[in-house]
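**Student:** Contents of query-v2.cif (mmCIF, C-alpha atoms and all ligand atoms) are given next:
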data_input
loop_
_atom_site.label_atom_id
_atom_site.label_comp_id
_atom_site.auth_asym_id
_atom_site.auth_seq_id
_atom_site.Cartn_x
_atom_site.Cartn_y
_atom_site.Cartn_z
CA MET K 5 109.85 79.83 99.74
CA TRP K 6 110.98 81.16 96.40
CA SER K 7 114.39 81.61 94.94
CA ILE K 8 115.64 84.95 93.71
CA GLU K 9 115.91 83.25 90.36
CA ASP K 10 112.12 82.88 90.28
CA ILE K 11 111.74 86.54 91.14
CA LEU K 12 114.20 87.56 88.47
CA SER K 13 112.30 85.65 85.84
CA GLU K 14 109.28 87.75 86.85
CA VAL K 15 111.32 90.91 86.56
CA THR K 16 112.44 89.69 83.15
CA ALA K 17 108.85 89.02 82.16
CA VAL K 18 107.88 92.56 83.18
CA SER K 19 110.82 94.33 81.55
CA GLY K 20 111.02 92.01 78.56
CA GLN K 21 114.76 91.73 78.95
CA LYS K 22 116.95 89.12 80.49
CA THR K 23 118.57 89.92 83.79
CA GLU K 24 121.81 88.62 85.14
CA GLY K 25 124.13 89.18 88.04
CA ARG K 26 125.03 88.17 91.51
CA ILE K 27 121.53 87.93 92.87
CA LEU K 28 120.82 84.55 91.29
CA SER K 29 120.08 81.49 93.36
CA TYR K 30 119.32 82.90 96.74
CA ASP K 31 116.31 81.79 98.74
CA LEU K 32 113.88 84.16 100.39
CA LYS K 33 112.35 82.70 103.53
CA PHE K 34 109.20 84.11 105.05
CA LYS K 35 107.33 82.73 108.03
CA PRO K 36 104.24 83.88 109.87
CA SER K 37 104.67 85.20 113.41
CA LYS K 38 102.07 85.87 116.07
CA HIS K 39 101.29 89.36 114.84
CA GLY K 40 102.73 89.49 111.37
CA MET K 41 105.45 88.03 109.21
CA ILE K 42 109.14 87.33 109.59
CA ILE K 43 111.76 87.56 106.87
CA GLU K 44 114.66 85.30 107.73
CA LYS K 45 118.38 85.65 107.08
CA ILE K 46 118.22 89.32 106.25
CA THR K 47 122.01 89.70 106.35
CA SER K 48 122.39 87.24 103.47
CA ILE K 49 119.69 89.03 101.49
CA SER K 50 121.37 92.37 102.18
CA ASN K 51 124.75 91.00 101.07
CA LYS K 52 123.28 89.40 97.99
CA PHE K 53 121.53 92.62 97.03
CA ASN K 54 124.59 94.67 97.98
CA ARG K 55 122.25 97.05 99.77
CA PRO K 56 122.22 97.93 103.48
CA ILE K 57 119.60 96.23 105.64
CA ALA K 58 118.36 99.74 106.52
CA THR K 59 117.50 100.38 102.86
CA ILE K 60 115.47 97.17 102.64
CA ILE K 61 113.69 97.99 105.90
CA TYR K 62 112.93 101.54 104.79
CA PHE K 63 111.46 100.22 101.56
CA LEU K 64 109.31 97.64 103.37
CA LYS K 65 108.08 100.26 105.87
CA THR K 66 107.07 102.58 103.06
CA GLU K 67 105.39 99.90 100.98
CA LEU K 68 103.56 98.19 103.83
CA SER K 69 102.82 101.34 105.90
CA SER K 70 103.67 99.22 108.89
CA VAL K 71 106.17 98.87 111.70
CA VAL K 72 109.19 96.92 110.46
CA LYS K 73 111.86 95.89 112.94
CA HIS K 74 115.31 94.46 112.47
CA ASP K 75 116.37 91.86 115.02
CA ALA K 76 120.12 91.56 114.54
CA VAL K 77 120.44 88.67 117.01
CA SER K 78 118.07 86.37 115.15
CA ASP K 79 119.01 87.96 111.79
CA GLN K 80 115.35 88.56 111.01
CA VAL K 81 113.11 91.37 109.90
CA ILE K 82 109.84 91.41 111.79
CA LEU K 83 106.79 92.90 110.12
CA SER K 84 103.83 94.03 112.23
CA THR K 85 101.41 93.24 109.47
CA LYS K 86 100.01 90.02 108.05
CA ALA K 87 101.41 90.49 104.57
CA SER K 88 101.17 87.28 102.56
CA SER K 89 104.24 85.53 101.17
CA VAL K 90 103.01 86.36 97.69
CA ARG K 91 102.80 90.06 98.53
CA LEU K 92 106.26 90.04 100.12
CA ARG K 93 107.69 88.27 97.14
CA GLY K 94 106.15 90.97 94.95
CA LEU K 95 107.75 93.65 97.10
CA PHE K 96 111.17 92.07 96.67
CA THR K 97 110.58 91.97 92.94
CA LYS K 98 109.80 95.68 93.09
CA PHE K 99 112.84 96.37 95.28
CA ILE K 100 115.15 94.63 92.80
CA ALA K 101 113.61 96.48 89.87
CA GLU K 102 113.76 99.90 91.55
CA PHE K 103 116.90 99.78 93.67
CA ILE K 104 119.21 97.24 92.03
CA THR K 105 118.57 96.59 88.34
CA CYS K 106 120.21 98.83 85.74
CA ASN K 107 117.46 100.05 83.41
CA ASP K 108 119.83 100.10 80.45
CA CYS K 109 121.73 96.80 80.54
CA LYS K 110 119.47 95.03 83.11
CA LYS K 111 122.42 93.86 85.19
CA HIS K 112 122.57 94.06 88.96
CA ASP K 113 126.09 95.32 89.39
CA THR K 114 124.99 98.72 90.55
CA ILE K 115 125.79 101.13 93.35
CA LEU K 116 123.11 103.07 95.18
CA ASN K 117 124.23 106.37 96.67
CA ASN K 118 121.36 108.23 98.32
CA CYS K 119 118.85 108.01 95.49
CA LEU K 120 121.35 107.83 92.63
CA LEU K 121 121.76 104.38 91.11
CA THR K 122 124.95 103.91 89.09
CA CYS K 123 125.64 100.83 86.97
CA THR K 124 129.23 99.61 87.24
CA GLY K 125 128.78 97.67 84.00
CA CYS K 126 127.53 100.21 81.46
CA GLY K 127 127.84 103.40 83.51
CA ALA K 128 124.15 104.33 83.23
CA GLN K 129 122.68 106.40 86.04
CA ARG K 130 119.18 107.01 87.22
CA ILE K 131 117.32 108.37 90.20
CA THR K 132 115.39 105.78 92.19
CA LYS K 133 111.66 106.43 92.59
CA THR K 134 111.51 106.26 96.36
CA GLN K 135 113.79 108.54 98.29
CA GLN K 136 115.82 107.04 101.07
ZN ZN X 1 123.97 99.00 83.10
#
Could you rewrite the structure in this file as structure tokens?

**Tutor:**
Amino acid sequence: MWSIEDILSEVTAVSGQKTEGRILSYDLKFKPSKHGMIIEKITSISNKFNRPIATIIYFLKTELSSVVKHDAVSDQVILSTKASSVRLRGLFTKFIAEFITCNDCKKHDTILNNCLLTCTGCGAQRITKTQQ
């Protein structure tokens, strides 16, 4: 289990700039299942990221080339692949960098509309790499 804060310090290390915003201090919880991995409390992650669960699932499907299911009852995302916790953590780092972080001011107060990311802080806009 890692906190989002850990992930953000990695993002900071990569971009060389400090990040800040609402994402801080949330825990990602992964656990192995019979045939793959489970990401727990996806609703909280989705709320924290301010991105729909569908966007997170689409990203994971694309990155893992695997079946990714959302179980709303248990509030879990079920991956049909044995991705390691380290790999999943890396994917969340990538997700934050690509779909949440403003490239200009490095804050996370952004809005994603189709593939257009708009920063509510500095007003910068960019097109995200992966299409939704
Ligand atoms: Zn900005």

**Student:** Set the distance at 9 Å and use only C-alpha atoms: which residues neighbour K:Ile60 once local chain neighbours fewer than 3 positions away are removed? I'd like the list as number ranges by chain.

**Tutor:** K: 50, 55-57, 63-65, 96, 99

**Student:** Enumerate, in order of chain and increasing residue number, the residues of chain K with an atom no farther than 7 Å from ligand ZN 1 (chain X), each with its shortest atom pair and distance in Å to one decimal, counting only C-alpha atoms and all ligand atoms, as a tab-separated table.

**Tutor:**
residue	atom	partner	partner_atom	distance
K:Cys106	CA	X:ZN1	ZN	4.6
K:Asn107	CA	X:ZN1	ZN	6.6
K:Asp108	CA	X:ZN1	ZN	5.0
K:Cys109	CA	X:ZN1	ZN	4.1
K:Lys110	CA	X:ZN1	ZN	6.0
K:Lys111	CA	X:ZN1	ZN	5.8
K:Cys123	CA	X:ZN1	ZN	4.6
K:Thr124	CA	X:ZN1	ZN	6.7
K:Gly125	CA	X:ZN1	ZN	5.1
K:Cys126	CA	X:ZN1	ZN	4.1
K:Gly127	CA	X:ZN1	ZN	5.9
K:Ala128	CA	X:ZN1	ZN	5.3

**Student:** Please report the interatomic distance between atom CA of K:Arg130 and atom CA of K:Asn117 in Å with one decimal.

**Tutor:**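 Pair atom CA of K:Arg130 / atom CA of K:Asn117 returns 10.7 Å.
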
**Student:** Using atom CA of K:Lys38 and atom CA of K:Ile100 as the two end points, give the distance in Å to one decimal.

**Tutor:** 28.1 Å

**Student:** Find, counting all atoms listed in the file, the residue in K:Leu95, K:Ser37, K:Leu32, K:Lys133 that gets nearest to K:Ile61.

**Tutor:**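 Under the stated criterion, the closest residue is K:Leu95.
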
**Student:** How many Å lie between atom CA of K:Thr122 and atom CA of K:Phe103, rounded to one decimal?

**Tutor:**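 Computing it gives 10.1 Å between the two atoms.
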
**Student:** Name all residues at most 10 Å from stretch 67-80 of chain K (count all atoms listed in the file; drop same-chain ones fewer than 3 positions away) and give them as number ranges by chain.

**Tutor:** K: 33-34, 40-48, 57-58, 61-64, 83-87, 91-92, 95, 98, 134

**Student:** Between K:Ile104, K:Leu120, K:Thr132, K:Ile82, which is the closest to K:Lys52 once you count only C-alpha atoms?

**Tutor:**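 So, comparing all the options, the nearest one is K:Ile104.
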
**Student:** Considering only C-alpha atoms, can you say which of K:Leu121, K:Ile115, K:Ala101, K:Val90 comes closest to K:Lys35?

**Tutor:**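 With only C-alpha atoms as the atom set, the closest residue is K:Val90.
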
**Student:** Select, from K:Cys119, K:Thr105, K:Ser88, K:Ile49, the residue with the minimum atom-to-atom distance to K:Pro36, counting all atoms listed in the file.

**Tutor:**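 Nearest candidate to K:Pro36 out of K:Cys119, K:Thr105, K:Ser88, K:Ile49: K:Ser88.
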